[in-house]
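Reproduced below: protein-v5.csv, with CSV, C-alpha atoms.
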chain,number,residue,atom,x,y,z
A,210,MET,CA,0.3,0.6,-19.2
A,211,PRO,CA,1.8,0.3,-15.7
A,212,GLU,CA,2.0,-3.1,-14.1
A,213,LEU,CA,1.4,-4.3,-10.5
A,214,LYS,CA,4.3,-6.7,-9.7
A,215,ARG,CA,5.5,-8.5,-6.6
A,216,LEU,CA,8.4,-6.9,-4.7
A,217,GLN,CA,11.7,-8.6,-5.4
A,218,ALA,CA,15.3,-8.1,-4.1
A,219,GLY,CA,16.4,-6.4,-7.3
A,220,ASP,CA,13.8,-3.7,-6.9
A,221,ALA,CA,15.5,-2.0,-3.9
A,222,PRO,CA,17.2,0.8,-5.8
A,223,ALA,CA,14.0,1.8,-7.6
A,224,VAL,CA,12.0,1.6,-4.3
A,225,LEU,CA,14.5,3.8,-2.6
A,226,ALA,CA,14.5,6.4,-5.4
A,227,PHE,CA,10.6,6.4,-5.3
A,228,GLU,CA,10.6,7.0,-1.5
A,229,LEU,CA,13.2,9.8,-1.7
A,230,ALA,CA,11.6,11.5,-4.7
A,231,ASN,CA,8.2,11.6,-3.0
A,232,ARG,CA,9.2,12.0,0.7
A,233,ALA,CA,7.9,15.6,1.0
A,234,TYR,CA,4.7,14.8,-0.9
A,235,PHE,CA,3.9,11.8,1.3
A,236,ALA,CA,4.6,13.8,4.5
A,237,ALA,CA,1.8,16.2,3.6
A,238,SER,CA,-0.9,13.5,4.1
A,239,ILE,CA,0.8,10.6,5.9
A,240,SER,CA,3.4,10.3,8.5
A,241,ASP,CA,7.0,10.9,7.4
A,242,ARG,CA,9.1,7.7,7.5
A,243,GLY,CA,11.9,9.7,9.1
A,244,ASP,CA,15.7,9.8,8.4
A,245,GLU,CA,16.2,6.4,10.2
A,246,PHE,CA,14.1,4.7,7.5
A,247,PHE,CA,16.5,5.9,4.8
A,248,ASP,CA,19.6,5.4,6.9
A,249,GLN,CA,18.6,1.7,7.5
A,250,PHE,CA,16.9,1.1,4.1
A,251,THR,CA,18.9,-1.9,3.2
A,252,ASP,CA,18.2,-3.8,6.4
A,253,ARG,CA,14.5,-2.7,6.4
A,254,TYR,CA,14.1,-3.9,2.8
A,255,ALA,CA,15.6,-7.3,3.6
A,256,ALA,CA,13.2,-7.6,6.5
A,257,LEU,CA,10.3,-6.9,4.1
A,258,LEU,CA,11.4,-9.6,1.8
A,259,ALA,CA,11.7,-12.0,4.7
A,260,GLU,CA,8.1,-11.2,5.8
A,261,GLN,CA,7.0,-11.8,2.3
A,262,GLU,CA,8.8,-15.1,2.2
A,263,ALA,CA,7.3,-16.2,5.5
A,264,GLY,CA,3.8,-15.5,4.1
A,265,THR,CA,2.9,-12.8,6.6
A,266,ALA,CA,2.9,-10.0,4.1
A,267,ALA,CA,2.7,-9.5,0.3
A,268,PHE,CA,4.4,-6.4,-1.1
A,269,HIS,CA,3.7,-5.0,-4.6
A,270,LEU,CA,5.0,-2.3,-6.8
A,271,LEU,CA,3.2,-0.3,-9.5
A,272,VAL,CA,5.8,0.0,-12.1
A,273,ASP,CA,5.8,2.2,-15.2
A,274,GLU,CA,6.9,1.0,-18.6
A,275,ASP,CA,10.3,2.5,-18.1
A,276,GLY,CA,10.8,0.5,-14.9
A,277,SER,CA,10.2,3.4,-12.5
A,278,VAL,CA,8.1,2.9,-9.4
A,279,LEU,CA,4.8,4.7,-9.4
A,280,GLY,CA,3.5,3.3,-6.2
A,281,ARG,CA,3.7,0.7,-3.5
A,282,PHE,CA,0.7,-1.5,-2.6
A,283,ASN,CA,1.1,-3.8,0.4
A,284,LEU,CA,-0.8,-6.4,2.2
A,285,TYR,CA,0.4,-6.9,5.7
A,286,ASP,CA,-0.6,-8.8,8.9
A,287,LEU,CA,-2.0,-11.7,6.8
A,288,THR,CA,-3.9,-13.9,9.3
A,289,ASP,CA,-7.0,-15.9,9.4
A,290,GLY,CA,-8.2,-14.8,5.9
A,291,THR,CA,-7.7,-11.1,6.6
A,292,ALA,CA,-5.0,-8.5,5.9
A,293,ASP,CA,-4.4,-4.8,6.1
A,294,LEU,CA,-3.8,-2.8,3.0
A,295,GLY,CA,-1.4,0.1,2.7
A,296,TYR,CA,-0.4,2.0,-0.3
A,297,ARG,CA,1.4,5.2,-1.5
A,298,VAL,CA,1.5,6.6,-5.0
A,299,ALA,CA,4.1,9.0,-6.5
A,300,GLU,CA,2.9,12.6,-6.9
A,301,SER,CA,3.6,12.4,-10.6
A,302,ALA,CA,1.1,9.4,-10.9
A,303,THR,CA,-1.9,11.0,-9.1
A,304,GLY,CA,-5.1,11.9,-10.8
A,305,ARG,CA,-5.0,9.2,-13.4
A,306,GLY,CA,-6.9,6.5,-11.7
A,307,LEU,CA,-3.8,4.4,-11.1
A,308,ALA,CA,-4.2,4.0,-7.4
A,309,THR,CA,-7.8,2.9,-7.8
A,310,TRP,CA,-6.9,0.4,-10.5
A,311,ALA,CA,-3.9,-1.0,-8.4
A,312,VAL,CA,-6.0,-1.3,-5.2
A,313,THR,CA,-8.7,-3.1,-7.2
A,314,GLU,CA,-6.2,-5.4,-8.8
A,315,LEU,CA,-4.6,-6.1,-5.4
A,316,CYS,CA,-8.0,-7.0,-4.0
A,317,ARG,CA,-8.3,-9.6,-6.8
A,318,LEU,CA,-4.8,-11.0,-6.0
A,319,ALA,CA,-5.5,-11.0,-2.3
A,320,ALA,CA,-8.5,-13.3,-2.9
A,321,THR,CA,-7.0,-15.5,-5.7
A,322,ARG,CA,-3.3,-15.7,-4.8
A,323,HIS,CA,-3.4,-15.3,-1.0
A,324,GLY,CA,-6.8,-16.8,-0.2
A,325,LEU,CA,-7.9,-13.7,1.8
A,326,ARG,CA,-11.6,-13.0,2.5
A,327,THR,CA,-11.4,-9.5,4.0
A,328,LEU,CA,-9.1,-6.5,3.6
A,329,ARG,CA,-8.9,-3.4,5.8
A,330,ALA,CA,-7.3,-0.1,5.2
A,331,ALA,CA,-7.0,3.0,7.4
A,332,THR,CA,-6.6,6.6,6.1
A,333,SER,CA,-6.2,9.9,7.8
A,334,ARG,CA,-9.0,12.4,8.0
A,335,ASP,CA,-7.1,14.9,5.8
A,336,ASN,CA,-6.2,12.4,3.0
A,337,ALA,CA,-9.2,12.9,0.7
A,338,ALA,CA,-7.6,11.2,-2.2
A,339,SER,CA,-7.2,8.0,-0.2
A,340,HIS,CA,-10.8,8.1,0.9
A,341,ARG,CA,-11.9,8.4,-2.7
A,342,VAL,CA,-9.6,5.5,-3.9
A,343,LEU,CA,-10.9,3.2,-1.2
A,344,THR,CA,-14.5,4.0,-1.9
A,345,LYS,CA,-14.1,3.6,-5.6
A,346,ALA,CA,-12.3,0.2,-5.0
A,347,GLY,CA,-15.3,-1.1,-3.1
A,348,PHE,CA,-14.3,-0.5,0.5
A,349,VAL,CA,-16.8,0.8,3.0
A,350,ALA,CA,-16.1,2.9,6.1
A,351,VAL,CA,-16.4,0.8,9.3
A,352,GLY,CA,-15.2,3.0,12.1
A,353,PRO,CA,-12.6,5.4,13.4
A,354,ALA,CA,-8.9,4.9,13.1
A,355,GLY,CA,-6.8,6.4,15.9
A,356,PRO,CA,-3.3,7.8,16.1
A,357,ALA,CA,-1.8,4.4,16.8
A,358,ASP,CA,-3.2,3.2,13.5
A,359,LEU,CA,-2.1,6.2,11.5
A,360,GLY,CA,1.2,7.4,12.8
A,361,GLY,CA,-0.2,10.0,15.1
A,362,ARG,CA,-3.2,11.1,12.9
A,363,THR,CA,-6.8,10.3,13.2
A,364,GLY,CA,-9.0,9.0,10.4
A,365,THR,CA,-11.2,6.1,9.2
A,366,TRP,CA,-10.9,2.4,8.9
A,367,TYR,CA,-12.4,0.9,5.7
A,368,GLN,CA,-13.1,-2.7,4.9
A,369,ARG,CA,-13.8,-4.8,1.8
A,370,ASP,CA,-15.3,-8.3,1.6
A,371,LEU,CA,-13.4,-10.3,-1.1
A,372,ALA,CA,-16.0,-13.1,-1.3
A,373,GLN,CA,-17.0,-12.0,-4.8
A,374,GLU,CA,-13.4,-11.9,-6.2
A,375,GLY,CA,-11.9,-14.5,-8.5
Would you mind giving the structure from this file in structure tokens?
Amino acid sequence: MPELKRLQAGDAPAVLAFELANRAYFAASISDRGDEFFDQFTDRYAALLAEQEAGTAAFHLLVDEDGSVLGRFNLYDLTDGTADLGYRVAESATGRGLATWAVTELCRLAATRHGLRTLRAATSRDNAASHRVLTKAGFVAVGPAGPADLGGRTGTWYQRDLAQEG
């Protein structure tokens, strides 16, 4: 069974391999990270770890039994009991309920480990899979998400109250 684990420095090679292997797949439904992301990966990865250490973000990996990364599940902009959720799942891991399981588990961790009360997530209009995952994980649509929220695309903001978690 895959495991949701906190991002660590030693995970960098597996995260880079995940991003490269799935780049074209991701670009079909979310904005491409661009060549600059890959060219500056080491520095960007160090910055993520620093954010996590500072407590303004919490980054997680969905890792398969063989150690390969199946997905990234991130809480960012942690402030006043709220955070935004972002995630991406490898093409090879879709259709098995892993994203829904990982989002649900991250909601539990957000409440119990990080003391959060509310999570928000935005997804583009054309990302039907993400809409399904968020709905199945207990999020409700709360309004439109604009291009500034979604890298140039339009979509929907979702929200989940975590008061029942624990």
Contacts of segment 218-223 of chain A within 10 Å, all atoms listed in the file, excl. fewer than 4 positions in-chain, as a list in words: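 Here the answer would be Phe227, Glu228, Leu229, Phe250, Thr251, Tyr254, Ala255, Leu257, Leu258, Leu270, Val272, Gly276, Ser277, Val278 and Leu279 of chain A.
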Segment 305-317 of chain A environment, 8 Å, all atoms listed in the file, sequence neighbours closer than 5 positions dropped, as a list in words: Leu213, Leu271, Gly280, Phe282, Val298, Leu328, Val342, Leu343, Lys345, Ala346, Leu371, Glu374 and Gly375 of chain A
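We find atom CA of Ala320 of chain A and atom CA of Asp289 of chain A to be spaced 12.7 Å apart.
Here the question is which of A:Ala266, A:Ala331, A:Ala233, A:Leu225 gets nearest to Glu300 of chain A using all atoms listed in the file, and that residue is A:Ala233.
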Pairwise distance for atom CA of Arg334 of chain A and atom CA of Gly355 of chain A, rounded to one decimal in Å: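 We find that atom CA of Arg334 of chain A and atom CA of Gly355 of chain A lie 10.2 Å from each other.
If you look at atom CA of Ala302 of chain A and atom CA of Arg281 of chain A, they are 11.7 Å away from each other.
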Neighbour list for Arg215 of chain A as an MDAnalysis selection string, cut-off 8 Å, only C-alpha atoms, skip fewer than 5 positions in-chain: chainID A and resid 267:270
Selection: 6 Å around segment 324-326 of chain A, only C-alpha atoms, excl. self and same-chain fewer than 3 positions, as a PyMOL selection string: chain A and resi 290-291+319-321+371-372
How big is the axis-aligned box around the listed atoms of segment 304-312 of chain A once 5 Å is added on each side, and where is its centre? Give both in Å to one decimal, as lines of an AutoDock Vina configuration file.
center_x = -5.8
center_y = 5.3
center_z = -9.3
size_x = 14.0
size_y = 23.2
size_z = 18.2
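Checking A:Gly264, A:Gly347, A:Arg329, A:Phe235 one by one against Thr365 of chain A, counting all atoms listed in the file, you find the shortest gap at A:Arg329.
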Selected residue of minimal separation from Gly360 of chain A among A:Ser333, A:Gly295, A:Glu245, A:Ala230, counting only C-alpha atoms: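 For Gly360 of chain A, the nearest of the candidates is A:Ser333.
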Option closest in space to Leu216 of chain A, from A:Leu284, A:Ala357, A:Val349, A:Ala337 [counting only C-alpha atoms]: A:Leu284
Nearest candidate to Gly304 of chain A (options A:Thr363, A:Gln261, A:Gln368, A:Ser339; using all atoms listed in the file): A:Ser339
For Trp366 of chain A: contacts at 8 Å, all atoms listed in the file, fewer than 4 positions along chain excluded, given as a list in words: Arg329, Ala330, Ala331, Thr332, Ala350, Val351, Gly352, Pro353 and Ala354 of chain A
